[in-house]
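Student: target-v8.txt (compact mmCIF, C-alpha atoms (C1' of nucleotides)) pasted underneath:
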```
# COMPACT_ATOMS: atom_id res chain seq x y z
CA MET A 301 -27.42 -0.80 -42.90
CA ALA A 302 -28.76 -1.70 -46.32
CA ASP A 303 -28.85 -5.30 -47.37
CA ALA A 304 -26.10 -6.81 -49.45
CA ASP A 305 -27.99 -6.70 -52.71
CA GLU A 306 -28.59 -2.99 -52.45
CA ARG A 307 -24.92 -2.36 -51.78
CA ARG A 308 -23.86 -4.55 -54.70
CA GLU A 309 -26.27 -2.60 -56.82
CA LEU A 310 -24.60 0.63 -55.83
CA ALA A 311 -21.20 -0.79 -56.77
CA LEU A 312 -22.61 -1.62 -60.19
CA LEU A 313 -23.93 1.91 -60.47
CA LEU A 314 -20.44 3.21 -59.88
CA ARG A 315 -19.16 1.02 -62.68
CA ARG A 316 -21.90 2.18 -65.01
CA LEU A 317 -21.05 5.79 -64.21
CA ASN A 318 -17.44 5.01 -65.02
CA VAL A 319 -18.36 3.55 -68.39
CA GLU A 320 -20.46 6.57 -69.32
CA LEU A 321 -17.84 9.05 -68.22
CA ASP A 322 -15.30 7.25 -70.38
CA ALA A 323 -17.78 7.50 -73.22
CA VAL A 324 -17.97 11.27 -72.79
CA GLY A 325 -14.24 11.50 -73.35
CA GLN A 326 -14.47 9.14 -76.28
CA ARG A 327 -17.18 11.26 -77.83
CA PHE A 328 -15.07 14.37 -77.52
CA ALA A 329 -12.23 12.48 -79.19
CA ASP A 330 -14.46 11.31 -82.04
CA LEU A 331 -15.86 14.78 -82.60
CA HIS A 332 -12.40 16.30 -82.88
CA GLY A 333 -10.52 13.51 -84.63
CA LEU A 334 -8.40 12.73 -81.58
CA ASN A 335 -7.50 9.54 -79.85
CA ARG A 336 -7.90 8.72 -76.20
CA THR A 337 -4.37 9.69 -75.30
CA ASP A 338 -4.69 13.06 -77.02
CA VAL A 339 -7.77 13.84 -74.97
CA ARG A 340 -6.12 12.84 -71.74
CA ALA A 341 -3.18 15.05 -72.66
CA LEU A 342 -5.40 18.03 -73.41
CA VAL A 343 -7.21 17.53 -70.14
CA ALA A 344 -3.90 17.40 -68.29
CA ILE A 345 -2.72 20.59 -69.98
CA MET A 346 -6.01 22.29 -69.24
CA ASP A 347 -5.94 21.26 -65.61
CA ALA A 348 -2.42 22.58 -65.27
CA ALA A 349 -3.43 25.83 -66.93
CA ARG A 350 -6.31 26.16 -64.50
CA ARG A 351 -3.81 25.77 -61.68
CA GLY A 352 -1.77 28.52 -63.28
CA GLU A 353 1.16 26.38 -64.40
CA ALA A 354 2.28 25.49 -67.90
CA LEU A 355 3.02 21.82 -68.38
CA THR A 356 6.34 20.79 -69.88
CA ALA A 357 6.63 17.85 -72.21
CA GLY A 358 8.23 15.76 -69.51
CA ARG A 359 5.52 16.40 -66.96
CA LEU A 360 2.90 15.70 -69.56
CA GLY A 361 4.52 12.32 -70.10
CA ASP A 362 4.25 11.65 -66.38
CA ALA A 363 0.62 12.69 -66.39
CA VAL A 364 -0.45 10.42 -69.22
CA ASP A 365 2.15 7.72 -68.57
CA LEU A 366 4.03 7.86 -71.86
CA ARG A 367 7.77 7.66 -72.64
CA SER A 368 9.55 10.61 -74.11
CA ALA A 369 9.42 9.30 -77.65
CA SER A 370 5.66 8.99 -77.45
CA VAL A 371 5.28 12.40 -75.87
CA THR A 372 7.12 13.95 -78.78
CA ALA A 373 4.77 12.24 -81.23
CA LEU A 374 1.79 13.22 -79.09
CA VAL A 375 2.77 16.89 -78.97
CA ASP A 376 3.54 16.79 -82.69
CA ARG A 377 -0.01 15.62 -83.35
CA LEU A 378 -1.59 18.21 -81.09
CA GLU A 379 0.58 21.00 -82.48
CA LYS A 380 -0.13 20.02 -86.07
CA VAL A 381 -3.88 20.46 -85.61
CA GLY A 382 -3.30 23.68 -83.68
CA HIS A 383 -4.41 22.55 -80.23
CA VAL A 384 -1.15 23.35 -78.46
CA ARG A 385 1.96 25.43 -78.98
CA ARG A 386 5.51 24.55 -77.95
CA VAL A 387 7.07 27.44 -76.06
CA ARG A 388 10.66 27.39 -74.84
CA ASP A 389 10.82 28.23 -71.15
CA PRO A 390 12.92 31.42 -70.92
CA GLN A 391 13.95 30.55 -67.34
CA ASP A 392 15.27 27.10 -68.13
CA ARG A 393 15.74 26.85 -71.85
CA ARG A 394 15.98 23.10 -71.75
CA ARG A 395 12.29 22.96 -71.02
CA VAL A 396 9.49 23.14 -73.54
CA ALA A 397 6.28 24.47 -72.08
CA LEU A 398 2.97 23.54 -73.67
CA GLU A 399 0.28 26.14 -74.16
CA MET A 400 -3.21 25.35 -75.28
CA SER A 401 -4.61 27.34 -78.15
CA ASP A 402 -7.71 29.41 -77.55
CA THR A 403 -9.73 27.29 -79.94
CA ALA A 404 -8.78 24.08 -78.14
CA MET A 405 -9.51 25.71 -74.81
CA ALA A 406 -12.90 26.79 -76.08
CA ALA A 407 -13.70 23.37 -77.49
CA GLY A 408 -12.81 21.69 -74.22
CA ALA A 409 -14.73 24.21 -72.19
CA GLU A 410 -17.75 23.79 -74.40
CA HIS A 411 -17.76 20.01 -74.19
CA PHE A 412 -16.73 19.34 -70.63
CA GLY A 413 -17.96 22.62 -69.27
CA ALA A 414 -21.42 21.87 -70.55
CA LEU A 415 -21.33 18.54 -68.80
CA ALA A 416 -20.17 20.12 -65.55
CA GLN A 417 -22.94 22.66 -65.84
CA ASP A 418 -25.60 20.02 -66.38
CA LEU A 419 -24.25 18.04 -63.47
CA THR A 420 -24.26 20.96 -61.08
CA ALA A 421 -27.71 21.90 -62.29
CA ALA A 422 -28.96 18.41 -61.52
CA MET A 423 -27.52 18.77 -58.03
CA GLU A 424 -29.88 21.62 -57.29
CA ASP A 425 -32.52 19.02 -56.49
CA TYR A 426 -30.53 18.03 -53.43
CA SER A 427 -30.36 19.61 -50.01
CA ASP A 428 -27.09 20.59 -48.40
CA GLU A 429 -27.38 17.64 -46.07
CA GLU A 430 -27.94 15.24 -48.92
CA LEU A 431 -24.99 16.56 -50.86
CA ALA A 432 -22.87 16.24 -47.75
CA VAL A 433 -23.78 12.56 -47.58
CA VAL A 434 -22.96 12.17 -51.25
CA ARG A 435 -19.62 13.87 -50.80
CA ARG A 436 -18.72 11.60 -47.94
CA PHE A 437 -19.76 8.59 -49.99
CA LEU A 438 -17.79 9.58 -53.06
CA THR A 439 -14.73 10.34 -50.98
CA ASP A 440 -14.94 7.04 -49.15
CA MET A 441 -15.45 5.02 -52.33
CA THR A 442 -12.68 6.83 -54.15
CA ASP A 443 -10.34 6.05 -51.29
CA VAL A 444 -11.19 2.36 -51.46
CA ILE A 445 -10.80 2.34 -55.22
CA THR A 446 -7.51 4.20 -55.05
CA ARG A 447 -6.12 1.55 -52.74
CA HIS A 448 -6.96 -1.02 -55.40
CA SER A 449 -5.58 1.02 -58.26
CA ARG A 450 -2.20 1.27 -56.57
CA GLY A 451 -0.78 -1.73 -54.78
CA SER A 452 -3.52 -3.85 -53.19
CA MET B 829 -29.30 23.96 -52.05
CA ALA B 830 -25.54 23.93 -51.76
CA ASP B 831 -23.51 26.75 -53.20
CA ALA B 832 -21.98 26.53 -56.62
CA ASP B 833 -18.48 25.78 -55.40
CA GLU B 834 -19.61 22.77 -53.44
CA ARG B 835 -21.43 21.39 -56.46
CA ARG B 836 -18.44 21.96 -58.73
CA GLU B 837 -16.37 20.16 -56.18
CA LEU B 838 -18.68 17.17 -56.35
CA ALA B 839 -18.36 17.12 -60.14
CA LEU B 840 -14.59 17.00 -59.74
CA LEU B 841 -14.99 14.16 -57.27
CA LEU B 842 -16.87 12.23 -59.92
CA ARG B 843 -14.03 12.75 -62.34
CA ARG B 844 -11.46 11.67 -59.79
CA LEU B 845 -13.48 8.53 -59.15
CA ASN B 846 -13.53 7.92 -62.88
CA VAL B 847 -9.77 8.21 -63.12
CA GLU B 848 -9.19 5.82 -60.25
CA LEU B 849 -11.64 3.25 -61.56
CA ASP B 850 -9.87 3.32 -64.90
CA ALA B 851 -6.64 2.80 -63.03
CA VAL B 852 -8.05 -0.33 -61.39
CA GLY B 853 -8.64 -1.82 -64.81
CA GLN B 854 -5.22 -0.69 -65.95
CA ARG B 855 -3.64 -2.35 -62.96
CA PHE B 856 -5.38 -5.63 -63.73
CA ALA B 857 -4.11 -5.32 -67.28
CA ASP B 858 -0.55 -4.70 -66.14
CA LEU B 859 -0.61 -7.59 -63.71
CA HIS B 860 -1.76 -10.00 -66.40
CA GLY B 861 0.09 -8.68 -69.42
CA LEU B 862 -3.07 -7.47 -71.12
CA ASN B 863 -4.01 -4.21 -72.78
CA ARG B 864 -7.01 -2.09 -72.03
CA THR B 865 -9.13 -3.59 -74.77
CA ASP B 866 -8.39 -7.11 -73.60
CA VAL B 867 -9.60 -6.25 -70.12
CA ARG B 868 -12.76 -4.67 -71.41
CA ALA B 869 -13.38 -7.76 -73.49
CA LEU B 870 -12.88 -10.10 -70.55
CA VAL B 871 -15.24 -8.00 -68.45
CA ALA B 872 -17.84 -8.12 -71.20
CA ILE B 873 -17.50 -11.90 -71.50
CA MET B 874 -17.72 -12.26 -67.74
CA ASP B 875 -20.80 -10.08 -67.51
CA ALA B 876 -22.47 -12.10 -70.23
CA ALA B 877 -21.56 -15.33 -68.48
CA ARG B 878 -23.07 -14.01 -65.27
CA ARG B 879 -26.26 -13.35 -67.21
CA GLY B 880 -26.11 -16.94 -68.41
CA GLU B 881 -25.31 -16.20 -72.04
CA ALA B 882 -22.18 -16.93 -74.03
CA LEU B 883 -20.94 -13.99 -76.03
CA THR B 884 -20.21 -14.51 -79.71
CA ALA B 885 -17.34 -12.80 -81.48
CA GLY B 886 -19.70 -10.39 -83.16
CA ARG B 887 -21.46 -9.34 -79.96
CA LEU B 888 -18.13 -8.91 -78.27
CA GLY B 889 -17.20 -6.52 -81.05
CA ASP B 890 -20.35 -4.54 -80.35
CA ALA B 891 -19.57 -4.48 -76.65
CA VAL B 892 -16.04 -3.16 -77.02
CA ASP B 893 -16.67 -1.25 -80.24
CA LEU B 894 -14.23 -3.02 -82.53
CA ARG B 895 -14.52 -4.16 -86.17
CA SER B 896 -14.51 -7.80 -86.99
CA ALA B 897 -10.85 -7.87 -87.99
CA SER B 898 -9.87 -6.44 -84.63
CA VAL B 899 -12.14 -8.84 -82.78
CA THR B 900 -10.41 -11.74 -84.46
CA ALA B 901 -7.03 -10.40 -83.35
CA LEU B 902 -8.40 -9.72 -79.88
CA VAL B 903 -9.77 -13.22 -79.44
CA ASP B 904 -6.54 -14.63 -80.86
CA ARG B 905 -4.63 -12.83 -78.14
CA LEU B 906 -6.95 -13.98 -75.37
CA GLU B 907 -7.03 -17.53 -76.66
CA LYS B 908 -3.26 -17.71 -77.00
CA VAL B 909 -2.77 -16.97 -73.29
CA GLY B 910 -5.58 -19.33 -72.36
CA HIS B 911 -8.14 -16.83 -71.10
CA VAL B 912 -10.89 -17.79 -73.52
CA ARG B 913 -11.85 -20.67 -75.77
CA ARG B 914 -13.51 -20.46 -79.18
CA VAL B 915 -16.48 -22.79 -79.38
CA ARG B 916 -18.43 -23.18 -82.61
CA ASP B 917 -22.10 -22.72 -81.94
CA PRO B 918 -23.75 -26.01 -82.92
CA GLN B 919 -27.04 -24.20 -83.62
CA ASP B 920 -25.56 -21.67 -86.01
CA ARG B 921 -22.18 -22.87 -87.18
CA ARG B 922 -21.23 -19.45 -88.47
CA ARG B 923 -21.06 -18.24 -84.90
CA VAL B 924 -18.13 -18.60 -82.55
CA ALA B 925 -19.08 -18.53 -78.89
CA LEU B 926 -16.50 -17.38 -76.38
CA GLU B 927 -16.02 -19.17 -73.10
CA MET B 928 -13.81 -17.91 -70.33
CA SER B 929 -11.35 -20.32 -68.83
CA ASP B 930 -11.64 -21.08 -65.15
CA THR B 931 -8.30 -19.47 -64.44
CA ALA B 932 -9.30 -16.24 -66.15
CA MET B 933 -12.63 -16.29 -64.33
CA ALA B 934 -10.84 -16.76 -61.03
CA ALA B 935 -8.34 -13.99 -61.74
CA GLY B 936 -11.12 -11.58 -62.61
CA ALA B 937 -13.18 -12.55 -59.60
CA GLU B 938 -10.19 -12.11 -57.33
CA HIS B 939 -9.31 -8.67 -58.66
CA PHE B 940 -12.67 -7.07 -59.24
CA GLY B 941 -14.52 -9.14 -56.69
CA ALA B 942 -12.14 -7.95 -54.01
CA LEU B 943 -12.83 -4.37 -55.00
CA ALA B 944 -16.59 -4.93 -54.93
CA GLN B 945 -16.27 -6.49 -51.52
CA ASP B 946 -14.27 -3.58 -50.15
CA LEU B 947 -16.75 -1.14 -51.62
CA THR B 948 -19.77 -2.84 -50.12
CA ALA B 949 -17.95 -3.15 -46.83
CA ALA B 950 -17.31 0.59 -46.82
CA MET B 951 -21.01 1.13 -47.42
CA GLU B 952 -21.84 -0.42 -44.09
CA ASP B 953 -21.07 2.92 -42.49
CA TYR B 954 -24.16 4.35 -44.16
CA SER B 955 -27.79 4.15 -43.16
CA ASP B 956 -30.48 2.92 -45.52
CA GLU B 957 -31.67 6.48 -45.95
CA GLU B 958 -28.22 7.73 -46.79
CA LEU B 959 -27.65 5.00 -49.33
CA ALA B 960 -31.01 5.81 -50.87
CA VAL B 961 -29.85 9.38 -51.36
CA VAL B 962 -26.61 8.17 -52.86
CA ARG B 963 -28.45 5.85 -55.21
CA ARG B 964 -30.69 8.64 -56.40
CA PHE B 965 -27.67 10.88 -56.90
CA LEU B 966 -25.69 8.30 -58.85
CA THR B 967 -28.68 7.51 -61.03
CA ASP B 968 -29.35 11.17 -61.74
CA MET B 969 -25.73 11.96 -62.53
CA THR B 970 -25.36 8.88 -64.72
CA ASP B 971 -28.41 9.95 -66.67
CA VAL B 972 -26.96 13.39 -67.26
CA ILE B 973 -23.63 11.93 -68.25
CA THR B 974 -25.24 9.41 -70.57
CA ARG B 975 -26.98 12.20 -72.42
CA HIS B 976 -23.59 13.75 -73.03
CA SER B 977 -21.93 10.51 -74.06
CA ARG B 978 -24.52 9.93 -76.77
CA GLY B 979 -25.72 12.86 -78.85
CA SER B 980 -25.65 16.08 -76.88
C1' DT C 1357 36.27 25.09 -69.40
C1' DC C 1358 34.59 20.55 -68.74
C1' DG C 1359 32.07 16.79 -67.05
C1' DA C 1360 27.59 15.67 -65.14
C1' DT C 1361 22.82 16.17 -65.46
C1' DA C 1362 18.33 17.04 -67.51
C1' DA C 1363 14.92 17.49 -71.20
C1' DT C 1364 13.78 16.42 -75.61
C1' DC C 1365 14.12 14.27 -80.07
C1' DT C 1366 15.31 10.55 -83.80
C1' DC C 1367 15.15 5.97 -85.41
C1' DG C 1368 13.68 1.22 -85.96
C1' DA C 1369 10.60 -2.27 -84.33
C1' DT C 1370 6.35 -3.93 -82.33
C1' DT C 1371 1.50 -3.90 -81.70
C1' DG C 1372 -3.52 -2.76 -82.07
C1' DT C 1373 -6.75 -1.23 -85.23
C1' DC C 1374 -9.09 -0.77 -89.55
C1' DG C 1375 -11.07 -1.49 -94.49
C1' DA C 1376 -11.84 -4.58 -98.02
C1' DG C 1377 -13.02 -8.70 -99.25
C1' DA C 1378 -13.14 -14.02 -99.05
C1' DG C 1379 -15.21 -18.26 -97.22
C1' DA C 1380 -18.67 -20.71 -94.84
C1' DT C 1381 -23.30 -21.07 -93.10
C1' DT C 1382 -28.10 -19.88 -92.68
C1' DA C 1383 -32.46 -17.55 -94.12
C1' DT C 1384 -35.64 -16.18 -97.69
C1' DG C 1385 -38.54 -16.20 -101.71
C1' DA C 1386 -40.02 -17.78 -106.24
C1' DT D 603 -36.15 -27.24 -104.33
C1' DC D 604 -32.84 -24.02 -105.71
C1' DA D 605 -30.94 -19.56 -106.33
C1' DT D 606 -30.01 -15.55 -103.96
C1' DA D 607 -29.41 -12.60 -100.04
C1' DA D 608 -27.95 -11.99 -95.45
C1' DT D 609 -24.98 -13.08 -91.61
C1' DC D 610 -20.81 -14.34 -89.21
C1' DT D 611 -16.00 -14.95 -88.86
C1' DC D 612 -11.53 -14.80 -90.71
C1' DT D 613 -7.35 -13.30 -93.77
C1' DC D 614 -4.60 -9.84 -95.69
C1' DG D 615 -2.30 -5.45 -96.23
C1' DA D 616 -1.88 -0.83 -94.48
C1' DC D 617 -1.57 2.64 -90.98
C1' DA D 618 -0.98 4.84 -86.54
C1' DA D 619 0.49 4.88 -81.56
C1' DT D 620 3.81 3.31 -78.64
C1' DC D 621 8.26 1.81 -76.93
C1' DG D 622 13.51 1.16 -76.10
C1' DA D 623 17.89 2.71 -77.17
C1' DG D 624 20.63 6.15 -78.12
C1' DA D 625 21.68 10.97 -79.96
C1' DT D 626 21.19 15.87 -79.33
C1' DT D 627 20.84 20.18 -77.04
C1' DA D 628 20.85 23.11 -73.00
C1' DT D 629 22.03 24.01 -68.21
C1' DC D 630 24.59 23.65 -63.97
C1' DG D 631 28.41 22.97 -60.72
C1' DA D 632 33.36 22.39 -59.79
```
Can you give me the file's structure in the form of structure tokens?
Tutor:
Amino acid sequence: MADADERRELALLLRRLNVELDAVGQRFADLHGLNRTDVRALVAIMDAARRGEALTAGRLGDAVDLRSASVTALVDRLEKVGHVRRVRDPQDRRRVALEMSDTAMAAGAEHFGALAQDLTAAMEDYSDEELAVVRRFLTDMTDVITRHSRGS
Amino acid sequence: MADADERRELALLLRRLNVELDAVGQRFADLHGLNRTDVRALVAIMDAARRGEALTAGRLGDAVDLRSASVTALVDRLEKVGHVRRVRDPQDRRRVALEMSDTAMAAGAEHFGALAQDLTAAMEDYSDEELAVVRRFLTDMTDVITRHSRGS
DNA sequence: TCGATAATCTCGATTGTCGAGAGATTATGA
DNA sequence: TCATAATCTCTCGACAATCGAGATTATCGA
């Protein structure tokens, strides 16, 4: 068992990593004239697309924690600059599905994909056993943090 | 060397951790009727206090990336609810030093201190060698991420 | 068909942020 | 010393993102 200082240091490292990851998103926003919410929305839409589903406006609101009025404004912004399209769901015509434009997809892939690539490249310096330890650590810490982010 | 899927998975774990850590801050904000910026400001003031320095309004603006007008509004908000005090610096009377109230300090320590404690407790399951690997990993990844958060 | 339900949008108000510039204080140079 | 520049904070007016309440449109079940 490491001493207390070392463990506190690791907790601080996690926080620093958090700050820098937030900054990556902020940088993407700055580069593309978006705000933080817009980026989170695009990420949510992209994640859904990767899972093979098209997000509706309502589900997007759930994902980024916005009320319907704000979601409308959000989608208006994204549609105006051509990042998403509103598409009526032919199955249930009450729904409006959101589709990312190719250019937005490409921009996101370039920015965040490049980061992912650099990260995975940096992981090549680690053995399978080491990465297994890291995975266990990240999972454990995320569980602890998740407990704090919901009710205590 | 682990296969590509495993490494991609670890990158996703980092993002998940990022989301949950943000949520911890958001939860603190919700509990205390603050917004995200307010929380970041309080954290910055607390960090400075821990280093033994009192943040001025200007430096706080640097820390949270706000213009002076916004910093004034920010400090107004925090002062109104009693979380900080404005104290004219006697050395340089242009400056306004910011001091956290004891109640705000205690609230922050309770919320984030409890998280830090749970995190370090969870680290007791790891050997010194394992934590050394984790430290190296977090440092490496943070470096990569930092390069992306500044210029590419 | 008709009422109930669901998803989205409109409107008015509030709030956080910014740019420009003013006021006060300190540092600098002739 | 005194005038000027630099620094720090604040005020003011404008704008953009968000929300709550309620309206609108589409679908479903009886």
Student: Can I get the residues of chain C within 8 Å of chain B, each with the closest pair of atoms and their distance in Å to one decimal, using all atoms listed in the file, sorted chain first then ascending number, as a Markdown table?
Tutor:
```
| residue | atom | partner | partner_atom | distance |
| --- | --- | --- | --- | --- |
| C:DG1372 | C1' | B:Ser898 | CA | 7.8 |
| C:DT1373 | C1' | B:Ser898 | CA | 6.1 |
| C:DC1374 | C1' | B:Arg895 | CA | 7.2 |
| C:DA1380 | C1' | B:Arg922 | CA | 7.0 |
| C:DT1381 | C1' | B:Arg922 | CA | 5.3 |
| C:DT1382 | C1' | B:Asp920 | CA | 7.4 |
```
Student: Mind doing a quick least-squares superposition of chain A onto chain B, all C-alpha atoms paired one-to-one in order, and writing it out as a short mmCIF file (atom, residue, chain, number, x, y, z; two decimals) with C-alpha atoms, in the frame of the given file?
Tutor:
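Once written, part-v3.cif looks like this:
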```
data_model
loop_
_atom_site.label_atom_id
_atom_site.label_comp_id
_atom_site.auth_asym_id
_atom_site.auth_seq_id
_atom_site.Cartn_x
_atom_site.Cartn_y
_atom_site.Cartn_z
CA MET A 301 -29.39 23.88 -52.00
CA ALA A 302 -25.63 23.82 -51.66
CA ASP A 303 -23.62 26.68 -53.04
CA ALA A 304 -22.04 26.50 -56.45
CA ASP A 305 -18.56 25.76 -55.22
CA GLU A 306 -19.68 22.72 -53.30
CA ARG A 307 -21.50 21.37 -56.34
CA ARG A 308 -18.49 21.97 -58.59
CA GLU A 309 -16.43 20.15 -56.03
CA LEU A 310 -18.72 17.16 -56.25
CA ALA A 311 -18.39 17.14 -60.04
CA LEU A 312 -14.63 17.04 -59.61
CA LEU A 313 -15.01 14.16 -57.18
CA LEU A 314 -16.89 12.24 -59.83
CA ARG A 315 -14.05 12.83 -62.26
CA ARG A 316 -11.48 11.72 -59.72
CA LEU A 317 -13.48 8.56 -59.08
CA ASN A 318 -13.52 7.95 -62.81
CA VAL A 319 -9.75 8.30 -63.05
CA GLU A 320 -9.17 5.86 -60.20
CA LEU A 321 -11.62 3.32 -61.54
CA ASP A 322 -9.83 3.43 -64.87
CA ALA A 323 -6.60 2.88 -62.98
CA VAL A 324 -8.02 -0.27 -61.39
CA GLY A 325 -8.60 -1.72 -64.83
CA GLN A 326 -5.18 -0.61 -65.95
CA ARG A 327 -3.61 -2.30 -62.97
CA PHE A 328 -5.36 -5.54 -63.74
CA ALA A 329 -4.08 -5.26 -67.31
CA ASP A 330 -0.51 -4.62 -66.15
CA LEU A 331 -0.60 -7.52 -63.72
CA HIS A 332 -1.73 -9.94 -66.41
CA GLY A 333 0.14 -8.61 -69.42
CA LEU A 334 -3.02 -7.41 -71.14
CA ASN A 335 -3.95 -4.20 -72.81
CA ARG A 336 -6.96 -2.04 -72.13
CA THR A 337 -9.04 -3.57 -74.88
CA ASP A 338 -8.33 -7.10 -73.67
CA VAL A 339 -9.58 -6.19 -70.22
CA ARG A 340 -12.72 -4.60 -71.55
CA ALA A 341 -13.32 -7.72 -73.62
CA LEU A 342 -12.86 -10.02 -70.64
CA VAL A 343 -15.22 -7.89 -68.61
CA ALA A 344 -17.79 -8.04 -71.38
CA ILE A 345 -17.48 -11.81 -71.61
CA MET A 346 -17.73 -12.14 -67.86
CA ASP A 347 -20.79 -9.94 -67.68
CA ALA A 348 -22.45 -11.97 -70.39
CA ALA A 349 -21.57 -15.18 -68.58
CA ARG A 350 -23.09 -13.79 -65.41
CA ARG A 351 -26.27 -13.13 -67.38
CA GLY A 352 -26.14 -16.72 -68.54
CA GLU A 353 -25.32 -16.04 -72.18
CA ALA A 354 -22.17 -16.82 -74.11
CA LEU A 355 -20.89 -13.94 -76.18
CA THR A 356 -20.14 -14.49 -79.85
CA ALA A 357 -17.25 -12.79 -81.56
CA GLY A 358 -19.58 -10.41 -83.32
CA ARG A 359 -21.35 -9.30 -80.18
CA LEU A 360 -18.03 -8.88 -78.45
CA GLY A 361 -17.03 -6.52 -81.24
CA ASP A 362 -20.18 -4.51 -80.60
CA ALA A 363 -19.45 -4.42 -76.90
CA VAL A 364 -15.91 -3.12 -77.20
CA ASP A 365 -16.47 -1.21 -80.44
CA LEU A 366 -14.01 -3.05 -82.67
CA ARG A 367 -14.27 -4.20 -86.31
CA SER A 368 -14.26 -7.85 -87.14
CA ALA A 369 -10.60 -7.92 -88.08
CA SER A 370 -9.65 -6.52 -84.70
CA VAL A 371 -11.97 -8.88 -82.87
CA THR A 372 -10.25 -11.83 -84.50
CA ALA A 373 -6.86 -10.53 -83.36
CA LEU A 374 -8.27 -9.80 -79.91
CA VAL A 375 -9.70 -13.29 -79.49
CA ASP A 376 -6.47 -14.76 -80.85
CA ARG A 377 -4.55 -12.96 -78.12
CA LEU A 378 -6.92 -14.01 -75.36
CA GLU A 379 -7.04 -17.60 -76.60
CA LYS A 380 -3.27 -17.83 -76.89
CA VAL A 381 -2.78 -17.00 -73.21
CA GLY A 382 -5.62 -19.34 -72.28
CA HIS A 383 -8.16 -16.78 -71.08
CA VAL A 384 -10.92 -17.76 -73.49
CA ARG A 385 -11.89 -20.67 -75.70
CA ARG A 386 -13.57 -20.51 -79.10
CA VAL A 387 -16.56 -22.84 -79.19
CA ARG A 388 -18.66 -23.36 -82.30
CA ASP A 389 -22.33 -22.82 -81.53
CA PRO A 390 -24.04 -26.16 -82.29
CA GLN A 391 -27.36 -24.39 -82.94
CA ASP A 392 -26.02 -21.97 -85.52
CA ARG A 393 -22.67 -23.22 -86.66
CA ARG A 394 -21.76 -19.91 -88.20
CA ARG A 395 -21.36 -18.49 -84.74
CA VAL A 396 -18.33 -18.78 -82.52
CA ALA A 397 -19.15 -18.54 -78.86
CA LEU A 398 -16.51 -17.36 -76.41
CA GLU A 399 -16.05 -19.10 -73.09
CA MET A 400 -13.83 -17.82 -70.36
CA SER A 401 -11.37 -20.24 -68.84
CA ASP A 402 -11.65 -21.00 -65.15
CA THR A 403 -8.30 -19.41 -64.45
CA ALA A 404 -9.30 -16.17 -66.17
CA MET A 405 -12.62 -16.21 -64.36
CA ALA A 406 -10.82 -16.68 -61.07
CA ALA A 407 -8.33 -13.93 -61.79
CA GLY A 408 -11.10 -11.50 -62.66
CA ALA A 409 -13.15 -12.48 -59.66
CA GLU A 410 -10.16 -12.05 -57.40
CA HIS A 411 -9.28 -8.61 -58.70
CA PHE A 412 -12.64 -7.02 -59.29
CA GLY A 413 -14.48 -9.11 -56.76
CA ALA A 414 -12.13 -7.93 -54.07
CA LEU A 415 -12.81 -4.36 -55.04
CA ALA A 416 -16.57 -4.92 -55.00
CA GLN A 417 -16.25 -6.51 -51.60
CA ASP A 418 -14.27 -3.62 -50.18
CA LEU A 419 -16.75 -1.18 -51.64
CA THR A 420 -19.77 -2.92 -50.19
CA ALA A 421 -17.97 -3.23 -46.89
CA ALA A 422 -17.34 0.51 -46.86
CA MET A 423 -21.04 1.04 -47.47
CA GLU A 424 -21.88 -0.57 -44.16
CA ASP A 425 -21.14 2.77 -42.52
CA TYR A 426 -24.22 4.20 -44.19
CA SER A 427 -27.85 3.98 -43.21
CA ASP A 428 -30.52 2.77 -45.60
CA GLU A 429 -31.74 6.32 -45.99
CA GLU A 430 -28.28 7.58 -46.81
CA LEU A 431 -27.70 4.88 -49.38
CA ALA A 432 -31.05 5.70 -50.92
CA VAL A 433 -29.91 9.29 -51.37
CA VAL A 434 -26.66 8.08 -52.87
CA ARG A 435 -28.48 5.80 -55.26
CA ARG A 436 -30.71 8.60 -56.42
CA PHE A 437 -27.68 10.83 -56.88
CA LEU A 438 -25.69 8.29 -58.85
CA THR A 439 -28.67 7.51 -61.05
CA ASP A 440 -29.35 11.16 -61.72
CA MET A 441 -25.72 11.96 -62.51
CA THR A 442 -25.33 8.92 -64.71
CA ASP A 443 -28.38 9.99 -66.66
CA VAL A 444 -26.94 13.45 -67.22
CA ILE A 445 -23.59 12.00 -68.22
CA THR A 446 -25.19 9.49 -70.55
CA ARG A 447 -26.94 12.29 -72.39
CA HIS A 448 -23.54 13.86 -72.98
CA SER A 449 -21.88 10.62 -74.00
CA ARG A 450 -24.44 10.07 -76.73
CA GLY A 451 -25.62 12.98 -78.81
CA SER A 452 -25.72 16.21 -76.78
#
```
Student: Could you give me, as a VMD selection string, the residues within 12 Å of DT1370 of chain C, counting only C-alpha atoms (C1' of nucleotides) and dropping anything in the same chain fewer than 6 positions from it?
Tutor: chain D and resid 619 to 622
Student: Determine the nearest neighbour of chain B from the options A:Asp347, A:Glu379, A:Glu399, A:Asp389, counting only C-alpha atoms.
Tutor: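 The closest residue to chain B is A:Asp347.
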Student: Report, in Å to a single decimal, how far apart atom CA of Ala349 of chain A and atom CA of Gln326 of chain A are.
Tutor: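 One can read the atom CA of Gln326 of chain A to atom CA of Ala349 of chain A distance as 22.1 Å.
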Student: Any idea what's packed within 12 Å of Gly861 of chain B, counting only C-alpha atoms (C1' of nucleotides), ignoring anything in its chain fewer than 5 positions away? Could you give it as JSON, numbers by chain?
Tutor: {"B": [854, 855, 856, 866, 867, 905, 906, 909, 911]}
Student: Ranking A:Val324, A:Val396, A:Val387, A:Ala348 by minimum distance to chain D and counting only C-alpha atoms (C1' of nucleotides), which one comes first?
Tutor: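 That would be A:Val396, the residue with the smallest distance to chain D.
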